[in-house]
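Enquirer: Here you go, structure_15.cif (mmCIF, C-alpha atoms):
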```
data_work
#
loop_
_atom_site.label_atom_id
_atom_site.label_comp_id
_atom_site.auth_asym_id
_atom_site.auth_seq_id
_atom_site.Cartn_x
_atom_site.Cartn_y
_atom_site.Cartn_z
CA MET A 195 -35.78 -48.98 28.80
CA LEU A 196 -37.69 -49.85 25.65
CA ASP A 197 -36.34 -48.64 22.33
CA ARG A 198 -38.23 -45.53 21.31
CA PHE A 199 -38.17 -46.28 17.58
CA THR A 200 -39.53 -49.78 18.16
CA SER A 201 -42.32 -48.28 20.28
CA MET A 202 -43.12 -45.87 17.45
CA ARG A 203 -43.26 -48.77 14.98
CA VAL A 204 -45.67 -50.64 17.27
CA PHE A 205 -47.88 -47.56 17.54
CA VAL A 206 -47.94 -47.02 13.75
CA ARG A 207 -48.67 -50.69 13.13
CA ALA A 208 -51.43 -50.75 15.79
CA ALA A 209 -53.08 -47.70 14.20
CA ALA A 210 -52.98 -49.43 10.81
CA GLU A 211 -54.19 -52.83 12.08
CA GLY A 212 -56.68 -51.44 14.60
CA SER A 213 -55.31 -53.85 17.18
CA LEU A 214 -52.29 -54.09 19.47
CA SER A 215 -52.39 -57.88 19.22
CA ALA A 216 -52.24 -57.71 15.42
CA ALA A 217 -49.41 -55.17 15.60
CA GLY A 218 -47.53 -57.54 17.91
CA ARG A 219 -47.93 -60.47 15.54
CA THR A 220 -46.72 -58.40 12.57
CA LEU A 221 -43.66 -57.26 14.52
CA HIS A 222 -42.99 -60.70 16.04
CA MET A 223 -43.73 -59.80 19.66
CA SER A 224 -46.38 -60.79 22.18
CA PRO A 225 -49.56 -58.73 22.65
CA ALA A 226 -48.35 -57.87 26.16
CA MET A 227 -45.07 -56.50 24.83
CA ALA A 228 -46.86 -54.51 22.12
CA THR A 229 -49.13 -53.02 24.77
CA LYS A 230 -46.12 -52.18 26.94
CA HIS A 231 -44.48 -50.27 24.06
CA VAL A 232 -47.55 -48.07 23.54
CA ASP A 233 -47.99 -47.57 27.30
CA THR A 234 -44.37 -46.41 27.47
CA LEU A 235 -44.90 -43.93 24.63
CA GLU A 236 -47.99 -42.46 26.31
CA ALA A 237 -46.19 -42.22 29.66
CA ARG A 238 -43.20 -40.47 28.09
CA LEU A 239 -45.41 -37.99 26.18
CA GLY A 240 -47.89 -37.52 28.99
CA VAL A 241 -50.84 -37.84 26.61
CA LYS A 242 -53.35 -40.46 25.46
CA LEU A 243 -52.63 -41.70 21.94
CA LEU A 244 -55.23 -44.44 21.65
CA HIS A 245 -58.76 -45.11 22.89
CA ARG A 246 -58.71 -48.80 23.73
CA THR A 247 -61.67 -51.10 24.36
CA THR A 248 -61.98 -54.85 24.21
CA ARG A 249 -63.47 -54.57 20.74
CA GLN A 250 -61.64 -51.74 18.99
CA LEU A 251 -58.79 -49.32 19.06
CA THR A 252 -59.08 -45.73 17.80
CA LEU A 253 -56.74 -42.77 17.66
CA THR A 254 -57.19 -39.69 19.80
CA ASP A 255 -56.75 -36.28 18.14
CA THR A 256 -53.28 -36.09 19.60
CA GLY A 257 -52.67 -39.66 18.45
CA ARG A 258 -53.48 -38.70 14.84
CA GLU A 259 -50.96 -35.85 14.93
CA TYR A 260 -48.34 -38.10 16.51
CA LEU A 261 -49.04 -40.82 13.93
CA ASP A 262 -48.19 -38.44 11.07
CA ALA A 263 -44.94 -37.47 12.81
CA CYS A 264 -44.01 -41.11 13.51
CA GLN A 265 -44.63 -42.16 9.92
CA ARG A 266 -42.39 -39.36 8.64
CA ILE A 267 -39.60 -40.04 11.15
CA LEU A 268 -39.61 -43.79 10.59
CA ARG A 269 -39.63 -43.35 6.80
CA GLU A 270 -36.58 -41.04 7.02
CA LEU A 271 -34.85 -43.44 9.39
CA ASP A 272 -35.42 -46.36 7.02
CA GLU A 273 -34.03 -44.32 4.11
CA VAL A 274 -30.90 -43.34 6.05
CA GLU A 275 -30.25 -46.90 7.20
CA SER A 276 -30.78 -48.14 3.66
CA ASP A 277 -28.26 -45.62 2.29
CA VAL A 278 -25.68 -46.49 4.93
CA SER A 279 -26.15 -50.21 4.42
CA ALA A 280 -25.80 -49.80 0.66
CA GLN A 281 -22.35 -48.29 1.12
CA ARG A 282 -21.19 -51.67 2.48
CA HIS A 283 -22.02 -53.24 -0.88
CA GLU A 284 -21.69 -50.39 -3.38
CA ALA A 285 -19.26 -47.48 -3.60
CA THR A 286 -21.28 -44.30 -3.12
CA GLY A 287 -20.89 -40.72 -1.91
CA LEU A 288 -18.38 -37.89 -2.15
CA LEU A 289 -14.69 -38.89 -2.32
CA ARG A 290 -12.28 -36.04 -1.53
CA MET A 291 -8.67 -36.53 -2.60
CA ASN A 292 -5.60 -34.30 -2.73
CA ALA A 293 -2.51 -34.69 -4.93
CA PRO A 294 0.55 -32.62 -5.89
CA LEU A 295 -0.20 -30.38 -8.87
CA SER A 296 2.24 -31.69 -11.49
CA PHE A 297 1.80 -35.35 -10.57
CA GLY A 298 -1.97 -34.97 -10.28
CA LEU A 299 -2.30 -33.39 -13.72
CA ARG A 300 -0.21 -36.10 -15.37
CA PHE A 301 -1.31 -39.24 -13.58
CA ILE A 302 -4.40 -38.72 -11.37
CA ALA A 303 -6.75 -36.46 -13.35
CA PRO A 304 -6.64 -38.69 -16.48
CA LEU A 305 -7.75 -41.68 -14.38
CA ILE A 306 -10.87 -40.06 -12.90
CA PRO A 307 -13.23 -40.47 -15.90
CA ALA A 308 -12.74 -44.25 -16.04
CA PHE A 309 -13.13 -44.52 -12.26
CA THR A 310 -16.42 -42.60 -12.23
CA HIS A 311 -17.65 -44.70 -15.14
CA GLN A 312 -16.88 -47.84 -13.14
CA TYR A 313 -18.37 -46.36 -9.93
CA PRO A 314 -21.18 -44.04 -11.08
CA MET A 315 -22.48 -43.46 -7.54
CA VAL A 316 -19.18 -41.85 -6.43
CA GLU A 317 -18.61 -38.11 -6.82
CA VAL A 318 -14.91 -37.18 -6.85
CA GLU A 319 -13.50 -33.90 -5.55
CA LEU A 320 -9.88 -33.65 -6.74
CA ASP A 321 -7.67 -30.94 -5.23
CA LEU A 322 -4.29 -30.37 -6.92
CA ASN A 323 -1.98 -28.47 -4.63
CA ASP A 324 1.74 -28.63 -3.86
CA THR A 325 1.33 -27.42 -0.28
CA ARG A 326 1.09 -30.01 2.48
CA GLN A 327 -2.45 -30.95 3.46
CA ASP A 328 -3.63 -32.53 6.72
CA LEU A 329 -5.83 -35.50 5.81
CA LEU A 330 -7.63 -35.76 9.14
CA LYS A 331 -7.89 -32.06 9.95
CA ASP A 332 -8.92 -30.95 6.47
CA GLY A 333 -11.36 -33.79 5.87
CA TRP A 334 -9.69 -35.57 2.92
CA ASP A 335 -10.41 -39.21 2.18
CA LEU A 336 -7.10 -39.77 0.37
CA LEU A 337 -3.77 -37.99 -0.10
CA ILE A 338 -1.30 -38.72 -2.90
CA ARG A 339 2.27 -38.08 -1.74
CA VAL A 340 5.56 -38.11 -3.64
CA GLY A 341 8.75 -38.58 -1.62
CA HIS A 342 9.72 -39.97 1.77
CA LEU A 343 6.86 -40.29 4.24
CA GLU A 344 7.13 -38.56 7.56
CA ASN A 345 6.11 -40.41 10.72
CA SER A 346 2.33 -40.38 10.66
CA GLU A 347 -0.72 -41.98 12.18
CA LEU A 348 -2.02 -42.43 8.64
CA ARG A 349 -1.85 -45.63 6.64
CA ALA A 350 -0.05 -45.65 3.30
CA ARG A 351 0.20 -47.85 0.21
CA ARG A 352 3.18 -47.53 -2.12
CA MET A 353 2.24 -47.03 -5.77
CA GLY A 354 5.65 -46.81 -7.43
CA ASP A 355 9.15 -45.39 -7.45
CA CYS A 356 10.12 -41.75 -7.97
CA PRO A 357 13.77 -41.28 -9.04
CA MET A 358 15.31 -37.81 -9.28
CA VAL A 359 17.02 -36.49 -12.42
CA ILE A 360 19.34 -33.50 -12.90
CA CYS A 361 19.11 -32.15 -16.43
CA ALA A 362 19.26 -29.16 -18.77
CA ALA A 363 18.49 -28.19 -22.36
CA PRO A 364 21.17 -28.86 -25.01
CA ALA A 365 21.21 -25.11 -25.80
CA TYR A 366 22.08 -24.24 -22.21
CA LEU A 367 24.87 -26.84 -22.09
CA ALA A 368 26.25 -25.63 -25.43
CA ARG A 369 26.55 -22.09 -24.01
CA HIS A 370 27.75 -22.89 -20.49
CA GLY A 371 29.36 -26.31 -20.72
CA THR A 372 28.31 -29.66 -19.26
CA PRO A 373 29.15 -30.22 -15.57
CA ARG A 374 30.69 -33.59 -14.70
CA ARG A 375 31.10 -33.12 -10.97
CA ILE A 376 28.60 -31.90 -8.42
CA SER A 377 31.17 -29.30 -7.30
CA GLU A 378 30.89 -27.67 -10.73
CA LEU A 379 27.19 -26.86 -10.18
CA SER A 380 28.13 -23.76 -8.19
CA GLY A 381 29.23 -22.19 -11.48
CA HIS A 382 25.88 -22.84 -13.20
CA ASN A 383 22.40 -21.35 -13.11
CA CYS A 384 20.53 -23.87 -10.93
CA LEU A 385 16.76 -23.48 -10.81
CA SER A 386 15.37 -24.66 -7.46
CA TYR A 387 12.08 -25.99 -6.12
CA THR A 388 11.12 -23.98 -3.05
CA LEU A 389 8.89 -26.60 -1.42
CA SER A 390 11.71 -29.13 -1.22
CA PRO A 391 13.80 -29.10 1.98
CA GLN A 392 16.68 -30.39 -0.17
CA GLN A 393 16.57 -27.36 -2.51
CA ALA A 394 14.95 -24.47 -0.68
CA ASN A 395 17.98 -23.23 1.25
CA GLY A 396 20.53 -22.62 -1.49
CA THR A 397 21.86 -26.18 -1.56
CA TRP A 398 21.15 -29.33 -3.54
CA ALA A 399 21.46 -32.74 -1.88
CA PHE A 400 23.24 -35.71 -3.49
CA GLY A 401 23.97 -39.25 -2.41
CA ARG A 402 21.27 -41.84 -1.83
CA LYS A 403 20.32 -40.33 1.52
CA GLY A 404 21.14 -36.73 0.65
CA GLU A 405 24.30 -36.81 2.73
CA ILE A 406 26.24 -34.50 0.37
CA GLN A 407 25.20 -30.84 0.29
CA VAL A 408 26.26 -28.69 -2.66
CA PRO A 409 25.80 -24.89 -2.61
CA VAL A 410 24.04 -23.60 -5.74
CA LYS A 411 22.60 -20.35 -7.02
CA GLY A 412 20.19 -19.40 -9.77
CA ASN A 413 17.91 -16.69 -11.09
CA LEU A 414 14.66 -18.64 -10.63
CA LYS A 415 13.00 -20.45 -7.76
CA ALA A 416 9.47 -21.82 -8.01
CA ASN A 417 6.99 -23.80 -5.93
CA ASN A 418 5.96 -25.95 -8.91
CA GLY A 419 8.03 -28.40 -10.94
CA ASP A 420 6.36 -27.60 -14.25
CA ALA A 421 7.34 -23.95 -13.92
CA LEU A 422 10.96 -25.06 -13.56
CA LEU A 423 10.56 -27.50 -16.45
CA SER A 424 9.35 -24.70 -18.71
CA ALA A 425 12.34 -22.54 -17.80
CA ALA A 426 14.77 -25.40 -18.45
CA LEU A 427 13.18 -26.16 -21.82
CA HIS A 428 13.86 -22.53 -22.79
CA GLY A 429 17.50 -22.92 -21.86
CA GLN A 430 17.44 -20.88 -18.65
CA GLY A 431 19.34 -23.32 -16.45
CA ILE A 432 19.74 -26.72 -14.80
CA ILE A 433 16.88 -28.37 -12.89
CA TYR A 434 16.81 -31.23 -10.38
CA GLN A 435 13.35 -32.80 -10.56
CA PRO A 436 11.46 -36.09 -10.24
CA HIS A 437 11.64 -38.28 -13.34
CA PHE A 438 7.87 -38.07 -13.94
CA ILE A 439 8.16 -34.32 -14.58
CA VAL A 440 11.06 -34.48 -17.06
CA SER A 441 10.58 -37.93 -18.65
CA GLU A 442 8.89 -36.71 -21.85
CA ALA A 443 11.45 -33.96 -22.39
CA LEU A 444 14.27 -36.45 -21.87
CA ALA A 445 12.72 -38.90 -24.32
CA SER A 446 12.33 -36.19 -26.97
CA GLY A 447 15.86 -34.85 -26.47
CA GLU A 448 14.62 -31.43 -25.33
CA LEU A 449 16.47 -32.05 -22.06
CA VAL A 450 19.64 -34.01 -21.39
CA ALA A 451 20.27 -35.91 -18.15
CA LEU A 452 23.61 -35.05 -16.53
CA GLU A 453 25.95 -37.82 -15.35
CA LEU A 454 27.75 -36.52 -12.27
CA ASP A 455 30.24 -38.04 -9.87
CA HIS A 456 27.62 -38.65 -7.17
CA PRO A 457 24.16 -40.20 -7.54
CA PRO A 458 21.02 -38.12 -7.14
CA LEU A 459 19.07 -38.11 -3.92
CA GLU A 460 16.53 -40.90 -3.44
CA ILE A 461 13.35 -39.09 -2.46
CA GLY A 462 11.24 -42.20 -1.94
CA GLY A 463 8.19 -43.27 -3.87
CA VAL A 464 4.61 -42.44 -4.76
CA TYR A 465 2.10 -43.24 -2.02
CA VAL A 466 -1.61 -43.06 -1.43
CA MET A 467 -2.34 -42.19 2.20
CA PHE A 468 -5.63 -42.81 3.99
CA PRO A 469 -7.09 -42.74 7.52
CA PRO A 470 -6.24 -45.40 10.10
CA GLY A 471 -8.68 -48.16 10.90
CA HIS A 472 -9.86 -51.31 9.17
CA ARG A 473 -13.36 -50.29 8.09
CA LEU A 474 -12.73 -47.86 5.26
CA PRO A 475 -15.77 -46.82 3.22
CA LEU A 476 -16.09 -48.83 0.04
CA LYS A 477 -15.57 -45.69 -2.09
CA VAL A 478 -12.12 -45.22 -0.48
CA ARG A 479 -11.12 -48.86 -0.83
CA ALA A 480 -12.26 -48.82 -4.46
CA MET A 481 -10.11 -45.77 -5.29
CA ILE A 482 -7.04 -47.18 -3.51
CA ASP A 483 -7.26 -50.45 -5.44
CA TYR A 484 -7.93 -48.61 -8.70
CA LEU A 485 -4.90 -46.34 -8.26
CA ALA A 486 -2.70 -49.30 -7.34
CA ASP A 487 -3.68 -51.06 -10.57
CA GLU A 488 -3.24 -48.00 -12.76
CA LEU A 489 -0.15 -46.44 -11.19
CA GLY A 490 1.67 -49.75 -11.11
CA THR A 491 2.75 -48.90 -14.66
CA LEU A 492 4.40 -45.60 -13.71
CA PRO A 493 7.35 -44.87 -16.05
#
```
Mind turning the file's structure into structure tokens?

Expert:
Amino acid sequence: MLDRFTSMRVFVRAAAEGSLSAAGRTLHMSPAMATKHVDTLEARLGVKLLHRTTRQLTLTDTGREYLDACQRILRELDEVESDVSAQRHEATGLLRMNAPLSFGLRFIAPLIPAFTHQYPMVEVELDLNDTRQDLLKDGWDLLIRVGHLENSELRARRMGDCPMVICAAPAYLARHGTPRRISELSGHNCLSYTLSPQQANGTWAFGRKGEIQVPVKGNLKANNGDALLSAALHGQGIIYQPHFIVSEALASGELVALELDHPPLEIGGVYVMFPPGHRLPLKVRAMIDYLADELGTLP
């Protein structure tokens, strides 16, 4: 079966040239093949598009209407193919990415202006949310994840480490004492992160693999690390958070890291996750490489 779009191009060219032979030469096909394309169009439509004689070729009334439609369709097709082809050579289009709120505010959002300056044809939609998102189901191009990765059909690229720190404000420790053993935490006000499986059920996990469970209690639980950070800065209690959340407060002395008899849990690293397959759109590849360069300097 002849390609319909090629037949339409032959018809448009024949109308412009006034000759099927000339249309064939322009489109690098024989006069017989050009004639066959137009014959196939007329047979499919069940109408006469051209009046043909040995000397000239003219459009029928129906042919004129069909010519307008063909010119519009082929123009739109050329534009679409041009746009798609351009994406192989230039990053373009909407890029949807999701990141945890606290990490995204500190490390992802500040990077977007320079990225869009470097890739002006890319529009970024950044969603900051601590709840788990499904990349494939929810239509994201990229996910930023902090912690251990679950088994997944997605691909991932590690951006950096993410150590955990247990800490409190000097004022809290002055009032309640400084714990030296993890068993002493049960006597303190421990502020927990509800989205963490290691903190949500009234226990905190210690040891590199979280093999030691310590029961804790406290008067605040929150689903965001910055909310817990704020409470700790005001002397409300002890928090157990990723280093990137508490690093500035530790550096300024507003919080003090506790040295206990067991190491903190290793929660993994910082990852960018993306769909499987080898032919990622250039906009996605560009963002992955950009994040890898920028986040390689994570504190």

Enquirer: Do you have the CA of Thr252 in chain A-CA of Arg266 in chain A distance handy?

Expert: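 Going from CA of Thr252 in chain A over to CA of Arg266 in chain A, I get 20.1 Å.
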
Enquirer: Select, from A:Ala293, A:Leu452, A:Ala443, A:Ala426, the residue with the minimum atom-to-atom distance to Ile360 in chain A, counting all atoms listed in the file.

Expert: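 Distance minimum relative to Ile360 in chain A lands on A:Leu452.
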
Enquirer: Quick one: distance from CA of Ile432 in chain A to CA of Ser377 in chain A in Å, one decimal?

Expert: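 Interatomic distance here is 13.9 Å.
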
Enquirer: Range 407-410 of chain A: which residues within 10 Å, counting all atoms listed in the file, same-chain residues fewer than 2 positions away excluded, as a short mmCIF file (atom, residue, chain, number, x, y, z; two decimals) with C-alpha atoms, in the frame of the given file?

Expert:
```
data_model
loop_
_atom_site.label_atom_id
_atom_site.label_comp_id
_atom_site.auth_asym_id
_atom_site.auth_seq_id
_atom_site.Cartn_x
_atom_site.Cartn_y
_atom_site.Cartn_z
CA ILE A 376 28.60 -31.90 -8.42
CA SER A 377 31.17 -29.30 -7.30
CA GLU A 378 30.89 -27.67 -10.73
CA LEU A 379 27.19 -26.86 -10.18
CA SER A 380 28.13 -23.76 -8.19
CA GLY A 381 29.23 -22.19 -11.48
CA HIS A 382 25.88 -22.84 -13.20
CA ASN A 383 22.40 -21.35 -13.11
CA CYS A 384 20.53 -23.87 -10.93
CA LEU A 385 16.76 -23.48 -10.81
CA SER A 386 15.37 -24.66 -7.46
CA GLN A 392 16.68 -30.39 -0.17
CA GLN A 393 16.57 -27.36 -2.51
CA ASN A 395 17.98 -23.23 1.25
CA GLY A 396 20.53 -22.62 -1.49
CA THR A 397 21.86 -26.18 -1.56
CA TRP A 398 21.15 -29.33 -3.54
CA ALA A 399 21.46 -32.74 -1.88
CA PHE A 400 23.24 -35.71 -3.49
CA GLY A 401 23.97 -39.25 -2.41
CA GLY A 404 21.14 -36.73 0.65
CA GLU A 405 24.30 -36.81 2.73
CA GLY A 412 20.19 -19.40 -9.77
#
```

Enquirer: Quick one: of A:Leu329, A:Leu459, A:Met223, A:Ala451, who's nearest to Glu347 in chain A, counting all atoms listed in the file?

Expert: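 That would be A:Leu329, the residue with the smallest distance to Glu347 in chain A.
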
Enquirer: Find the residue from A:Gly257, A:Gly463, A:Gly240, A:Gly419 that sits nearest to Pro294 in chain A; use all atoms listed in the file when measuring.

Expert: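 Between A:Gly257, A:Gly463, A:Gly240, A:Gly419, the residue approaching Pro294 in chain A most closely is A:Gly419.
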
Enquirer: Give the answer as one residue: which of A:Thr220, A:Thr229, A:Asn413, A:Thr234 has the shortest atom-to-atom distance to Arg207 in chain A, using all atoms listed in the file?

Expert: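 Among the listed residues, the smallest separation from Arg207 in chain A belongs to A:Thr220.
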
Enquirer: So which one's closest to Pro357 in chain A, A:Leu389, A:Leu337, A:Ala285, A:Val440? Using all atoms listed in the file, please.

Expert: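 Distance minimum relative to Pro357 in chain A lands on A:Val440.
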
Enquirer: Contacts of Ser201 in chain A at 8 Å or less, counting all atoms listed in the file, minus same-chain residues fewer than 5 places along, as a PyMOL selection string?

Expert: chain A and resi 196+228+231-232+234-235

Enquirer: Emit the selected residues as a JSON list (two decimals), in the coordinates of the input, including C-alpha atoms.

Expert:
```
[["chain", "number", "residue", "atom", "x", "y", "z"],
["A", 196, "LEU", "CA", -37.69, -49.85, 25.65],
["A", 228, "ALA", "CA", -46.86, -54.51, 22.12],
["A", 231, "HIS", "CA", -44.48, -50.27, 24.06],
["A", 232, "VAL", "CA", -47.55, -48.07, 23.54],
["A", 234, "THR", "CA", -44.37, -46.41, 27.47],
["A", 235, "LEU", "CA", -44.90, -43.93, 24.63]]
```

Enquirer: Hey, what's within 9 Å of range 436-439 of chain A if we count all atoms listed in the file and toss same-chain stuff fewer than 4 positions away? As a compact mmCIF listing (two decimals) with C-alpha atoms, keeping the file's coordinate frame, please?

Expert:
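After the write, selection10.txt holds the following:
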```txt
# COMPACT_ATOMS: atom_id res chain seq x y z
CA SER A 296 2.24 -31.69 -11.49
CA PHE A 297 1.80 -35.35 -10.57
CA ARG A 300 -0.21 -36.10 -15.37
CA CYS A 356 10.12 -41.75 -7.97
CA PRO A 357 13.77 -41.28 -9.04
CA MET A 358 15.31 -37.81 -9.28
CA VAL A 359 17.02 -36.49 -12.42
CA ILE A 360 19.34 -33.50 -12.90
CA GLY A 419 8.03 -28.40 -10.94
CA ASP A 420 6.36 -27.60 -14.25
CA LEU A 423 10.56 -27.50 -16.45
CA ALA A 443 11.45 -33.96 -22.39
CA ILE A 461 13.35 -39.09 -2.46
CA LEU A 492 4.40 -45.60 -13.71
CA PRO A 493 7.35 -44.87 -16.05
```

Enquirer: Measuring atom to atom with all atoms listed in the file, identify which of A:Leu214, A:Val464, A:Leu414, A:Leu251 is nearest to Ala350 in chain A.

Expert: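 Comparing A:Leu214, A:Val464, A:Leu414, A:Leu251 against Ala350 in chain A, the winner is A:Val464.
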
Enquirer: Expand the PyMOL selection byres ((chain A and resi 418) around 8) into the explicit residue set it covers here, and present it as a list in words.

Expert: Leu295, Ser296, Asp324, Tyr387, Ala416, Asn417, Gly419, Asp420, Ala421 and Leu422 of chain A

Enquirer: Please identify all polymer residues within 10 Å of Gln312 in chain A, counting all atoms listed in the file, omitting same-chain residues fewer than 5 positions from it, and present them as a VMD selection string.

Expert: chain A and resid 285 306 to 307 480

Enquirer: For the atom pair CA of Gly341 in chain A and CA of Met481 in chain A, what is the interatomic distance in Å to one decimal place?

Expert: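 Between these atoms lies a distance of 20.5 Å.
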
Enquirer: Set the distance at 9 Å and use all atoms listed in the file: which residues neighbour Met291 in chain A once local chain neighbours fewer than 6 positions away are removed? I'd like the list as number ranges by chain.

Expert: A: 318-322, 329, 334-338

Enquirer: Using the file's own x, y and z axes, what box holds all listed atoms of range 267-274 of chain A with 4 Å on each side, keeping edges along x, y and z, and what are its centre and edge lengths in Å to one decimal, as lines of an AutoDock Vina configuration file?

Expert:
```
center_x = -35.3
center_y = -43.2
center_z = 7.6
size_x = 16.7
size_y = 14.3
size_z = 15.0
```

Enquirer: Determine the residue set returned by the PyMOL selection byres ((chain A and resi 315) around 9) for the present structure, and present it as a PyMOL selection string.

Expert: chain A and resi 284-288+310+313-314+316-317

Enquirer: Using the chain letters and numbers from the file, which residues does the PyMOL selection byres ((chain A and resi 241-249) around 9) grab, as an MDAnalysis selection string?

Expert: chainID A and resid 205 209 213 232 235:240 250:258 260:261
